[in-house]
Structure formats: structure tokens, C-alpha cells
Amino acid sequence: MSQLPPADTAQSFLRVFEPLSRTLENPVALGFLGLAAFFVVRSVVASYSKGPEPFSMKGVQQASVPAQRDFTPRELAAFDGKDESTPLYIAVKGTVYDVSKSRGFYGPGGAYANFSGRDASRGLAVSSFGTEVLADLDGPIDTLDDLDKTEIDSLDEWATFFAGKYVPVGRLVNPPEVAAAASESKKEA
């Protein structure tokens, strides 16, 4: 016949587990206990897992990055989206971007179609889509010197947007005759 523990031993045993019993009856305490258990299990499992795979270029295709080149405003105008077989380019703050993947916005009929094949800097800065903000194709590049702080901030935000979304393909430069005239005027001064 088995022997039962004395009554006072059983009482002391129950007294030890009484706080645990009260904790399990309290929903807030039970929630904290469950959260603690979750983190303990997660850290134990994480210590036994082998971790992330090391980075590998295997299977990654290189994106074709167009060659960087200089564009005069007239050369840039050839990339206005009217010919679907050519890329669609826009210049912002002197950098020319390939916006072909957003042809619906920048191509013919799009909300920003006026900027296609052009320097869009002034229009973006002043939030205007009209042709009056576009510089002459054979004239000097717009220096944007007359923009106020709000317009400059707006243009900077647009430049950040374009740099983050589109591939730069070159830079906008003055036509040779404009560059030569500017060089001559610097020599005379």
C-alpha cells in the first residue's frame, strides 16, 4: 500500500503554487506570460536555425543600363515618345532620365507629355504643365536662377523622385554654339 505525504507537506506544496494559480486566473498576467513564452521559444528556435542564405549573384540578371552621354536640348527632343521604338527621356536638374516605363504619364496623351524629350525642371518647380515653362531647344539651358525657395524645394523633391525611380542615361548640356558664346564672354570679362 502506498503511503500518502503528511497533510502539512501537501499544504506547503499548494502554498508554493498559489501565486502561479492566481496568475493564471488574471487575463493581463496571462497575456504577459504568453508573450514572454513566445519570445523565449522564438529565441531558442532562432539559435538552432541555420539563418539566412548568403547573398549570391547566381540567377540574378543584370539590368541593361544605357550608356551615359551628353544631350543638348535639341538632341533630347528626339526622345519625346512619339516614336514608340525609341526610349522616352526627360531632364531634371541637368540629369537625363529614361522614363519609358511610365509612358502612360510622359508619353503622348499623358499628364506630363509636355515634358517628354525636354528639360522639365522649371515646370516641375513651379507646378506648371504649360509650354511657357519650356526653354527654347536651341537656346541656353534654363539656369533656374529666379526660382524662390519653395520652388527650389519642390524641384529638389522631384529630382529625388526621378533619381529613385528612373535610370539616368546622361546629362543635359548647352548646344555647342551657346557654350562657345558663354566661353567667349567669360574671356572678355
# chains A, B, ... in the order shown; residues from 1 in each chain; ligands from 1
>>> residues_around(residues="Val173 in chain A", least_positions_apart="2", cutoff="7 Å", atoms="only C-alpha atoms", output="PyMOL selection string")
chain A and resi 70-72+171+175
>>> residues_around(residues="Asp119 in chain A", least_positions_apart="2", cutoff="9 Å", atoms="only C-alpha atoms", output="short mmCIF file (atom, residue, chain, number, x, y, z; two decimals) with N, CA and C atoms, in the first residue's frame")
data_model
loop_
_atom_site.label_atom_id
_atom_site.label_comp_id
_atom_site.auth_asym_id
_atom_site.auth_seq_id
_atom_site.Cartn_x
_atom_site.Cartn_y
_atom_site.Cartn_z
N PRO A 73 19.59 70.24 -75.67
CA PRO A 73 18.11 70.25 -75.66
C PRO A 73 17.52 69.73 -76.99
N LEU A 76 17.84 65.93 -77.11
CA LEU A 76 16.90 65.34 -76.16
C LEU A 76 15.50 65.30 -76.74
N ILE A 90 13.47 62.43 -70.15
CA ILE A 90 13.15 63.73 -69.55
C ILE A 90 14.36 64.18 -68.73
N ALA A 91 14.67 65.47 -68.80
CA ALA A 91 15.77 66.02 -68.00
C ALA A 91 15.21 66.73 -66.77
N VAL A 92 15.85 66.50 -65.63
CA VAL A 92 15.50 67.17 -64.38
C VAL A 92 16.81 67.58 -63.70
N LYS A 93 16.97 68.88 -63.48
CA LYS A 93 18.17 69.44 -62.85
C LYS A 93 19.45 68.96 -63.54
N GLY A 94 19.42 68.91 -64.87
CA GLY A 94 20.62 68.58 -65.63
C GLY A 94 20.86 67.11 -65.87
N THR A 95 20.10 66.24 -65.23
CA THR A 95 20.24 64.80 -65.43
C THR A 95 19.12 64.31 -66.33
N VAL A 96 19.48 63.50 -67.33
CA VAL A 96 18.50 62.96 -68.27
C VAL A 96 18.12 61.56 -67.79
N PHE A 115 6.59 67.48 -71.03
CA PHE A 115 7.97 67.39 -70.58
C PHE A 115 8.78 66.34 -71.34
N SER A 116 8.13 65.54 -72.15
CA SER A 116 8.82 64.45 -72.85
C SER A 116 9.84 65.02 -73.82
N GLY A 117 11.05 64.50 -73.72
CA GLY A 117 12.13 64.97 -74.58
C GLY A 117 12.58 66.38 -74.26
N SER A 121 12.62 70.74 -65.60
CA SER A 121 12.96 71.34 -64.30
C SER A 121 12.06 72.50 -63.91
N ARG A 122 11.93 73.51 -64.78
CA ARG A 122 11.12 74.68 -64.41
C ARG A 122 9.66 74.31 -64.21
N GLY A 123 9.12 73.50 -65.10
CA GLY A 123 7.71 73.10 -64.97
C GLY A 123 7.44 72.36 -63.68
N LEU A 134 8.76 75.77 -70.86
CA LEU A 134 9.78 75.03 -71.59
C LEU A 134 10.74 75.99 -72.27
N ALA A 135 12.05 75.70 -72.13
CA ALA A 135 13.08 76.56 -72.73
C ALA A 135 13.18 76.29 -74.23
N ILE A 141 20.54 76.43 -71.63
CA ILE A 141 19.79 75.67 -70.62
C ILE A 141 19.31 76.66 -69.55
N ASP A 142 18.10 76.49 -69.11
CA ASP A 142 17.50 77.34 -68.08
C ASP A 142 18.33 77.22 -66.80
N LEU A 172 22.20 66.92 -69.40
CA LEU A 172 21.80 67.96 -70.34
C LEU A 172 22.91 69.00 -70.41
#
>>> residues_around(residues="Leu155 in chain A", least_positions_apart="2", cutoff="8 Å", atoms="only C-alpha atoms", output="short mmCIF file (atom, residue, chain, number, x, y, z; two decimals) with C-alpha atoms, in the first residue's frame")
data_model
loop_
_atom_site.label_atom_id
_atom_site.label_comp_id
_atom_site.auth_asym_id
_atom_site.auth_seq_id
_atom_site.Cartn_x
_atom_site.Cartn_y
_atom_site.Cartn_z
CA LYS A 93 18.17 69.44 -62.85
CA SER A 121 12.96 71.34 -64.30
CA ARG A 122 11.12 74.68 -64.41
CA LEU A 124 8.18 70.72 -62.05
CA ALA A 125 9.48 73.51 -59.81
CA GLU A 151 10.07 76.26 -55.96
CA ILE A 152 13.64 75.07 -55.40
CA ASP A 153 12.42 72.73 -52.63
CA GLU A 157 11.77 66.71 -54.26
CA TRP A 158 11.08 65.93 -57.92
CA ALA A 159 14.79 65.32 -58.56
#
>>> atom_distance(atom1="CA of Ser85 in chain A", atom2="CA of Ser100 in chain A")
10.4 Å
>>> select_by_dssp(residues="range 67-131 of chain A", states="alpha helix (DSSP H)", output="ChimeraX atom specification")
/A:73-76,103-106,121-126
>>> write_last_selection(atoms="N, CA, C and O atoms", output="short mmCIF file (atom, residue, chain, number, x, y, z; two decimals), in the first residue's frame")
data_model
loop_
_atom_site.label_atom_id
_atom_site.label_comp_id
_atom_site.auth_asym_id
_atom_site.auth_seq_id
_atom_site.Cartn_x
_atom_site.Cartn_y
_atom_site.Cartn_z
N PRO A 73 19.59 70.24 -75.67
CA PRO A 73 18.11 70.25 -75.66
C PRO A 73 17.52 69.73 -76.99
O PRO A 73 16.52 69.01 -76.98
N ARG A 74 18.12 70.08 -78.11
CA ARG A 74 17.60 69.63 -79.40
C ARG A 74 17.76 68.12 -79.54
O ARG A 74 16.86 67.45 -80.04
N GLU A 75 18.88 67.55 -79.09
CA GLU A 75 19.09 66.09 -79.16
C GLU A 75 18.10 65.36 -78.25
O GLU A 75 17.56 64.32 -78.60
N LEU A 76 17.84 65.93 -77.11
CA LEU A 76 16.90 65.34 -76.16
C LEU A 76 15.50 65.30 -76.74
O LEU A 76 14.74 64.35 -76.49
N ARG A 103 5.39 55.41 -69.75
CA ARG A 103 4.94 56.02 -71.00
C ARG A 103 3.52 56.59 -70.86
O ARG A 103 3.18 57.60 -71.48
N GLY A 104 2.70 55.98 -70.04
CA GLY A 104 1.33 56.48 -69.84
C GLY A 104 1.29 57.87 -69.23
O GLY A 104 0.37 58.64 -69.48
N PHE A 105 2.30 58.22 -68.43
CA PHE A 105 2.38 59.55 -67.82
C PHE A 105 3.09 60.55 -68.72
O PHE A 105 2.69 61.70 -68.84
N TYR A 106 4.21 60.10 -69.32
CA TYR A 106 5.10 61.02 -70.03
C TYR A 106 4.97 60.94 -71.55
O TYR A 106 5.46 61.82 -72.24
N SER A 121 12.62 70.74 -65.60
CA SER A 121 12.96 71.34 -64.30
C SER A 121 12.06 72.50 -63.91
O SER A 121 11.49 72.50 -62.81
N ARG A 122 11.93 73.51 -64.78
CA ARG A 122 11.12 74.68 -64.41
C ARG A 122 9.66 74.31 -64.21
O ARG A 122 9.03 74.73 -63.25
N GLY A 123 9.12 73.50 -65.10
CA GLY A 123 7.71 73.10 -64.97
C GLY A 123 7.44 72.36 -63.68
O GLY A 123 6.42 72.59 -63.02
N LEU A 124 8.35 71.46 -63.30
CA LEU A 124 8.18 70.72 -62.05
C LEU A 124 8.31 71.65 -60.84
O LEU A 124 7.57 71.53 -59.87
N ALA A 125 9.25 72.59 -60.93
CA ALA A 125 9.48 73.51 -59.81
C ALA A 125 8.27 74.41 -59.56
O ALA A 125 7.89 74.65 -58.42
N VAL A 126 7.65 74.89 -60.64
CA VAL A 126 6.54 75.84 -60.48
C VAL A 126 5.18 75.16 -60.64
O VAL A 126 4.15 75.84 -60.65
#
>>> atom_distance(atom1="CA of Ala120 in chain A", atom2="CA of Thr86 in chain A")
18.9 Å
>>> closest_residue(among="A:Arg42, A:Asn114, A:Glu25, A:Gly107", to="Glu84 in chain A", atoms="only C-alpha atoms")
A:Gly107
>>> closest_residue(among="A:Ala77, A:Asn174, A:Asp83, A:Tyr89", to="Gly139 in chain A", atoms="only C-alpha atoms")
A:Asn174
>>> atom_distance(atom1="CA of Lys149 in chain A", atom2="CA of Asp98 in chain A")
27.6 Å
>>> closest_residue(among="A:Ser127, A:Pro87, A:Val99, A:Leu147", to="Ala163 in chain A", atoms="only C-alpha atoms")
A:Val99
